[in-house]
>>> print(open('upload.cif').read())   # mmCIF, C-alpha atoms
data_start
#
loop_
_atom_site.group_PDB
_atom_site.id
_atom_site.type_symbol
_atom_site.label_atom_id
_atom_site.label_comp_id
_atom_site.auth_asym_id
_atom_site.auth_seq_id
_atom_site.Cartn_x
_atom_site.Cartn_y
_atom_site.Cartn_z
ATOM 1 C CA MET A 1 17.450 6.285 10.508
ATOM 2 C CA THR A 2 19.051 2.925 10.021
ATOM 3 C CA LEU A 3 18.483 -0.007 12.334
ATOM 4 C CA ARG A 4 22.164 0.126 13.349
ATOM 5 C CA ILE A 5 21.835 3.717 14.594
ATOM 6 C CA ILE A 6 18.672 2.851 16.495
ATOM 7 C CA LEU A 7 20.379 -0.079 18.206
ATOM 8 C CA LEU A 8 23.354 2.125 19.097
ATOM 9 C CA LEU A 9 21.072 4.709 20.668
ATOM 10 C CA LEU A 10 19.323 2.027 22.679
ATOM 11 C CA ILE A 11 22.657 0.663 23.956
ATOM 12 C CA VAL A 12 23.847 4.130 24.957
ATOM 13 C CA TYR A 13 20.528 4.842 26.645
ATOM 14 C CA ASN A 14 20.581 1.539 28.523
ATOM 15 C CA GLY A 15 24.149 2.094 29.746
ATOM 16 C CA TYR A 16 23.365 5.610 30.882
ATOM 17 C CA SER A 17 20.279 4.469 32.768
ATOM 18 C CA GLN A 18 22.207 1.818 34.685
ATOM 19 C CA ASN A 19 24.960 4.246 35.695
ATOM 20 C CA ASN A 20 22.641 7.108 36.562
ATOM 21 C CA THR A 21 22.302 7.159 40.377
ATOM 22 C CA ASP A 22 19.655 9.911 40.259
ATOM 23 C CA GLU A 23 16.117 9.068 39.316
ATOM 24 C CA GLN A 24 15.977 11.758 36.641
ATOM 25 C CA PRO A 25 14.861 10.482 33.201
ATOM 26 C CA ALA A 26 17.584 9.977 30.594
ATOM 27 C CA TYR A 27 17.079 12.046 27.475
ATOM 28 C CA ILE A 28 17.968 11.030 23.937
ATOM 29 C CA PHE A 29 18.844 13.585 21.298
ATOM 30 C CA VAL A 30 18.070 12.421 17.763
ATOM 31 C CA GLU A 31 19.840 14.139 14.893
ATOM 32 C CA GLY A 32 17.512 16.508 13.072
ATOM 33 C CA ASP A 33 15.123 16.760 16.027
ATOM 34 C CA SER A 34 15.570 19.634 18.514
ATOM 35 C CA ILE A 35 13.253 18.088 21.117
ATOM 36 C CA PRO A 36 14.899 15.613 23.535
ATOM 37 C CA LYS A 37 13.146 12.298 23.978
ATOM 38 C CA THR A 38 12.979 9.834 26.853
ATOM 39 C CA ALA A 39 12.203 6.960 24.487
ATOM 40 C CA ILE A 40 12.348 6.133 20.805
ATOM 41 C CA GLU A 41 9.343 4.802 18.959
ATOM 42 C CA LEU A 42 10.356 1.978 16.648
ATOM 43 C CA ASN A 43 8.463 1.089 13.504
ATOM 44 C CA GLU A 44 7.124 -2.434 13.297
ATOM 45 C CA ILE A 45 9.582 -4.688 11.507
ATOM 46 C CA LEU A 46 8.587 -8.032 10.033
ATOM 47 C CA ILE A 47 11.137 -10.821 9.886
ATOM 48 C CA LEU A 48 11.003 -11.783 6.237
ATOM 49 C CA ASN A 49 12.785 -15.049 5.609
ATOM 50 C CA ARG A 50 13.389 -16.286 2.092
ATOM 51 C CA LEU A 51 10.457 -17.942 0.429
ATOM 52 C CA LYS A 52 10.626 -21.575 -0.573
ATOM 53 C CA PHE A 53 9.637 -22.301 -4.161
ATOM 54 C CA SER A 54 8.556 -25.650 -5.517
ATOM 55 C CA SER A 55 9.865 -25.162 -9.045
ATOM 56 C CA LYS A 56 11.804 -22.886 -11.369
ATOM 57 C CA GLU A 57 8.503 -21.917 -12.942
ATOM 58 C CA ASP A 58 7.292 -20.763 -9.532
ATOM 59 C CA ILE A 59 10.386 -18.599 -9.112
ATOM 60 C CA LYS A 60 9.909 -17.097 -12.563
ATOM 61 C CA ASN A 61 6.265 -16.348 -11.796
ATOM 62 C CA TYR A 62 7.207 -14.625 -8.522
ATOM 63 C CA TYR A 63 9.612 -12.243 -10.228
ATOM 64 C CA LEU A 64 7.138 -11.456 -13.001
ATOM 65 C CA ILE A 65 4.563 -10.560 -10.345
ATOM 66 C CA LYS A 66 7.195 -8.520 -8.506
ATOM 67 C CA ARG A 67 7.969 -6.380 -11.541
ATOM 68 C CA ARG A 68 4.280 -5.735 -12.176
ATOM 69 C CA THR A 69 3.453 -5.041 -8.532
ATOM 70 C CA LEU A 70 6.218 -2.485 -8.104
ATOM 71 C CA LYS A 71 5.031 -0.746 -11.256
ATOM 72 C CA VAL A 72 1.349 -0.335 -10.308
ATOM 73 C CA TYR A 73 1.395 -0.006 -6.514
ATOM 74 C CA ASP A 74 1.686 3.788 -6.547
ATOM 75 C CA TYR A 75 -1.494 4.045 -8.635
ATOM 76 C CA ALA A 76 -3.399 2.007 -6.039
ATOM 77 C CA LYS A 77 -1.924 4.119 -3.251
ATOM 78 C CA LEU A 78 -3.004 7.278 -5.067
ATOM 79 C CA ALA A 79 -6.515 5.905 -5.534
ATOM 80 C CA SER A 80 -6.812 5.402 -1.782
ATOM 81 C CA GLU A 81 -5.564 8.916 -1.085
ATOM 82 C CA ARG A 82 -7.928 10.458 -3.635
ATOM 83 C CA LEU A 83 -10.833 8.450 -2.244
ATOM 84 C CA ASP A 84 -10.087 9.700 1.286
ATOM 85 C CA SER A 85 -9.849 13.249 -0.008
ATOM 86 C CA LEU A 86 -13.089 12.962 -1.963
ATOM 87 C CA GLU A 87 -15.030 11.456 0.944
ATOM 88 C CA SER A 88 -13.666 14.053 3.360
ATOM 89 C CA ARG A 89 -14.544 16.932 1.059
ATOM 90 C CA PHE A 90 -17.977 15.512 0.238
ATOM 91 C CA SER A 91 -18.837 15.256 3.925
ATOM 92 C CA ARG A 92 -18.465 19.044 4.147
ATOM 93 C CA ILE A 93 -20.380 19.877 0.960
ATOM 94 C CA VAL A 94 -24.146 20.022 1.355
ATOM 95 C CA SER A 95 -25.100 21.242 -2.097
ATOM 96 C CA LYS A 96 -25.485 18.490 -4.723
ATOM 97 C CA ARG A 97 -24.465 20.983 -7.364
ATOM 98 C CA GLU A 98 -21.214 21.769 -5.543
ATOM 99 C CA ARG A 99 -20.536 18.062 -5.034
ATOM 100 C CA LYS A 100 -20.934 17.429 -8.733
ATOM 101 C CA ARG A 101 -18.687 20.359 -9.632
ATOM 102 C CA TYR A 102 -15.980 19.225 -7.219
ATOM 103 C CA ALA A 103 -16.146 15.622 -8.464
ATOM 104 C CA LYS A 104 -15.655 16.795 -12.039
ATOM 105 C CA LEU A 105 -12.595 18.786 -11.016
ATOM 106 C CA VAL A 106 -11.079 15.720 -9.335
ATOM 107 C CA GLN A 107 -11.858 13.521 -12.319
ATOM 108 C CA LYS A 108 -10.373 16.060 -14.752
ATOM 109 C CA TYR A 109 -7.198 16.311 -12.683
ATOM 110 C CA ILE A 110 -6.755 12.537 -12.539
ATOM 111 C CA ASP A 111 -7.570 12.084 -16.230
ATOM 112 C CA ASN A 112 -4.995 14.698 -17.213
ATOM 113 C CA GLU A 113 -2.290 13.301 -14.947
ATOM 114 C CA PHE A 114 -2.680 9.540 -15.216
ATOM 115 C CA SER A 115 -4.954 8.343 -18.022
ATOM 116 C CA GLU A 116 -2.203 8.041 -20.603
ATOM 117 C CA GLU A 117 0.043 6.182 -18.159
ATOM 118 C CA LEU A 118 -2.717 3.750 -17.227
ATOM 119 C CA LYS A 119 -3.435 2.986 -20.873
ATOM 120 C CA LYS A 120 0.127 1.694 -21.188
ATOM 121 C CA LEU A 121 -0.432 -1.042 -18.624
ATOM 122 C CA SER A 122 -0.522 -4.644 -19.787
ATOM 123 C CA ARG A 123 -3.463 -6.897 -18.953
ATOM 124 C CA SER A 124 -1.430 -8.594 -16.193
ATOM 125 C CA GLU A 125 -0.462 -5.223 -14.704
ATOM 126 C CA GLY A 126 -4.066 -4.042 -14.857
ATOM 127 C CA ARG A 127 -5.222 -7.191 -13.079
ATOM 128 C CA ILE A 128 -2.795 -6.581 -10.202
ATOM 129 C CA LEU A 129 -3.756 -2.902 -10.075
ATOM 130 C CA ILE A 130 -7.432 -3.760 -9.637
ATOM 131 C CA LYS A 131 -6.585 -6.142 -6.791
ATOM 132 C CA LEU A 132 -4.327 -3.564 -5.133
ATOM 133 C CA ILE A 133 -7.133 -1.013 -5.355
ATOM 134 C CA HIS A 134 -9.191 -3.422 -3.256
ATOM 135 C CA ARG A 135 -6.261 -3.883 -0.843
ATOM 136 C CA GLN A 136 -5.738 -0.156 -0.354
ATOM 137 C CA THR A 137 -9.328 1.092 -0.359
ATOM 138 C CA GLY A 138 -11.215 -1.884 1.074
ATOM 139 C CA SER A 139 -13.639 -1.795 -1.869
ATOM 140 C CA THR A 140 -13.572 -3.465 -5.257
ATOM 141 C CA ALA A 141 -13.311 -1.279 -8.334
ATOM 142 C CA PHE A 142 -16.869 -2.264 -9.204
ATOM 143 C CA ASP A 143 -18.192 -1.094 -5.826
ATOM 144 C CA LEU A 144 -16.234 2.137 -6.009
ATOM 145 C CA ILE A 145 -17.742 2.944 -9.379
ATOM 146 C CA LYS A 146 -21.216 2.012 -8.185
ATOM 147 C CA ASN A 147 -20.951 4.048 -4.976
ATOM 148 C CA LEU A 148 -19.197 7.067 -6.453
ATOM 149 C CA ARG A 149 -20.873 7.191 -9.859
ATOM 150 C CA SER A 150 -23.174 10.034 -8.891
ATOM 151 C CA GLY A 151 -20.223 12.065 -7.666
ATOM 152 C CA TRP A 152 -17.488 10.674 -9.868
ATOM 153 C CA ASN A 153 -18.779 10.053 -13.378
ATOM 154 C CA ALA A 154 -16.369 7.149 -13.874
ATOM 155 C CA PHE A 155 -13.630 5.885 -11.619
ATOM 156 C CA TRP A 156 -10.219 6.875 -12.965
ATOM 157 C CA PHE A 157 -9.032 3.492 -14.210
ATOM 158 C CA ASN A 158 -12.401 2.213 -15.407
ATOM 159 C CA ASN A 159 -11.766 2.845 -19.084
ATOM 160 C CA THR A 160 -8.390 1.140 -18.874
ATOM 161 C CA ALA A 161 -9.968 -1.923 -17.270
ATOM 162 C CA LYS A 162 -12.528 -2.160 -20.074
ATOM 163 C CA LEU A 163 -9.785 -2.069 -22.690
ATOM 164 C CA PHE A 164 -8.292 -5.276 -21.289
ATOM 165 C CA ASP A 165 -11.563 -7.026 -20.424
ATOM 166 C CA LEU A 166 -10.643 -7.196 -16.739
ATOM 167 C CA SER A 167 -13.035 -7.967 -13.908
ATOM 168 C CA LEU A 168 -13.695 -4.905 -11.793
ATOM 169 C CA LYS A 169 -15.115 -7.199 -9.100
ATOM 170 C CA SER A 170 -11.743 -8.855 -8.439
ATOM 171 C CA GLU A 171 -10.762 -8.981 -4.765
ATOM 172 C CA PHE A 172 -7.352 -9.165 -3.149
ATOM 173 C CA ASP A 173 -7.275 -12.460 -1.249
ATOM 174 C CA PRO A 174 -3.762 -13.650 -0.325
ATOM 175 C CA TYR A 175 -5.246 -16.294 1.991
ATOM 176 C CA SER A 176 -6.632 -18.339 -0.895
ATOM 177 C CA ASN A 177 -4.894 -16.985 -3.996
ATOM 178 C CA LYS A 178 -1.189 -17.791 -4.313
ATOM 179 C CA ALA A 179 -0.496 -14.950 -6.741
ATOM 180 C CA ASP A 180 -2.034 -12.523 -4.242
ATOM 181 C CA PHE A 181 0.173 -13.986 -1.512
ATOM 182 C CA TYR A 182 3.201 -13.272 -3.694
ATOM 183 C CA VAL A 183 1.971 -9.692 -4.139
ATOM 184 C CA GLU A 184 1.648 -9.263 -0.363
ATOM 185 C CA ASP A 185 5.123 -10.706 0.216
ATOM 186 C CA ILE A 186 6.593 -8.424 -2.448
ATOM 187 C CA LEU A 187 4.926 -5.380 -0.888
ATOM 188 C CA GLN A 188 6.150 -6.176 2.625
ATOM 189 C CA ARG A 189 9.735 -6.579 1.397
ATOM 190 C CA ALA A 190 9.503 -3.369 -0.635
ATOM 191 C CA PHE A 191 8.186 -1.511 2.429
ATOM 192 C CA GLN A 192 11.034 -2.856 4.568
ATOM 193 C CA ASN A 193 13.776 -1.730 2.197
ATOM 194 C CA GLU A 194 11.948 1.567 1.496
ATOM 195 C CA GLN A 195 11.540 0.749 -2.177
ATOM 196 C CA LEU A 196 7.862 1.636 -1.794
ATOM 197 C CA GLU A 197 6.163 4.013 0.623
ATOM 198 C CA ARG A 198 4.075 2.074 3.108
ATOM 199 C CA GLN A 199 0.363 2.762 3.146
ATOM 200 C CA PRO A 200 -1.826 0.709 5.517
ATOM 201 C CA SER A 201 -4.208 -1.707 3.855
ATOM 202 C CA ARG A 202 -7.934 -1.290 4.484
ATOM 203 C CA LEU A 203 -8.164 -5.088 4.689
ATOM 204 C CA GLU A 204 -7.333 -7.153 7.766
ATOM 205 C CA LEU A 205 -4.151 -8.903 6.653
ATOM 206 C CA ASP A 206 -1.746 -10.868 8.833
ATOM 207 C CA TYR A 207 1.369 -11.603 6.812
ATOM 208 C CA TYR A 208 2.625 -14.380 9.085
ATOM 209 C CA ASN A 209 -0.704 -16.182 9.063
ATOM 210 C CA ILE A 210 -0.895 -15.885 5.289
ATOM 211 C CA ARG A 211 2.627 -17.181 4.800
ATOM 212 C CA SER A 212 2.142 -20.003 7.305
ATOM 213 C CA LYS A 213 -0.920 -21.180 5.409
ATOM 214 C CA TRP A 214 0.955 -21.432 2.126
ATOM 215 C CA GLU A 215 4.037 -23.022 3.658
ATOM 216 C CA ASN A 216 1.926 -25.636 5.415
ATOM 217 C CA ASN A 217 0.145 -26.401 2.186
#
>>> encode(input="upload.cif", output="structure tokens")
Amino acid sequence: MTLRIILLLLIVYNGYSQNNTDEQPAYIFVEGDSIPKTAIELNEILILNRLKFSSKEDIKNYYLIKRRTLKVYDYAKLASERLDSLESRFSRIVSKRERKRYAKLVQKYIDNEFSEELKKLSRSEGRILIKLIHRQTGSTAFDLIKNLRSGWNAFWFNNTAKLFDLSLKSEFDPYSNKADFYVEDILQRAFQNEQLERQPSRLELDYYNIRSKWENN
């Protein structure tokens, strides 16, 4: 539902409420939903003003990061979903043998579906992917491998990382790393225009505080 439609519904609702002499609640009927509502829940919307760049090189760097971020974000999102699924399933499996069997099935599925795609990533794309894994899961790739090694023989992008000599201990830190700030800004804009599907970060990130820090600097 577009913002314009939401605003129109709010105006109609407000006008009806003012003219309604009875104290009965006003109901709103949303297209595609058979249940009338007395209020509409709005998604949080960030006001994303244009960034200020200090040089043409800075602008060029931003758009390079944007292209790479949009390409690898879905892999990081999938990693978070698979991690949640694995942890949820493991909590219900008592037998170590069954845990091992299930982990192998998950690994085989991911290897078959995504290994070839991940091998096509450039070093720069792999670097951003590793940082986004940390953003989406709350753990570095290194920690995930260490913690899940007994249940997941090797995390699904580990071999790809080794190919490009990337650090699996890399953390996503937009407060102190300008490139990471650009990644966060790119993600927020992509979420707003529905170019990417929003998935909450496991890290405590405040976009306005992050942006304010860089603008003040």
>>> atom_distance(input="upload.cif", atom1="CA of Leu105 (chain A)", atom2="CA of Thr140 (chain A)")
23.0 Å
>>> residues_around(input="upload.cif", residues="Arg50 (chain A)", least_positions_apart="5", cutoff="12 Å", atoms="all atoms listed in the file", output="PDB file with C-alpha atoms, in the frame of the given file")
ATOM      1  CA  ILE A  59      10.386 -18.599  -9.112  1.00  0.00           C
ATOM      2  CA  ASP A 185       5.123 -10.706   0.216  1.00  0.00           C
ATOM      3  CA  ILE A 186       6.593  -8.424  -2.448  1.00  0.00           C
ATOM      4  CA  ARG A 189       9.735  -6.579   1.397  1.00  0.00           C
ATOM      5  CA  ARG A 211       2.627 -17.181   4.800  1.00  0.00           C
ATOM      6  CA  GLU A 215       4.037 -23.022   3.658  1.00  0.00           C
TER       7      GLU A 215
END
>>> resolve_selection(input="upload.cif", expression="the PyMOL selection byres ((chain A and resi 130-137) around 8)", output="JSON, numbers by chain")
{"A": [73, 76, 77, 79, 80, 83, 126, 127, 128, 129, 138, 139, 140, 141, 168, 170, 171, 172, 199, 200, 201, 202, 203]}
>>> residues_near_point(input="upload.cif", point="(8.6, 2.5, -1.8)", cutoff="12 Å", atoms="only C-alpha atoms", output="ChimeraX atom specification")
/A:69-74,77,186-199
>>> atom_distance(input="upload.cif", atom1="CA of Ser55 (chain A)", atom2="CA of Leu205 (chain A)")
26.6 Å
>>> atom_distance(input="upload.cif", atom1="CA of Asp165 (chain A)", atom2="CA of Phe142 (chain A)")
13.3 Å
>>> closest_residue(input="upload.cif", among="A:Tyr102, A:Tyr75, A:Phe90, A:Phe181", to="Leu121 (chain A)", atoms="all atoms listed in the file")
A:Tyr75
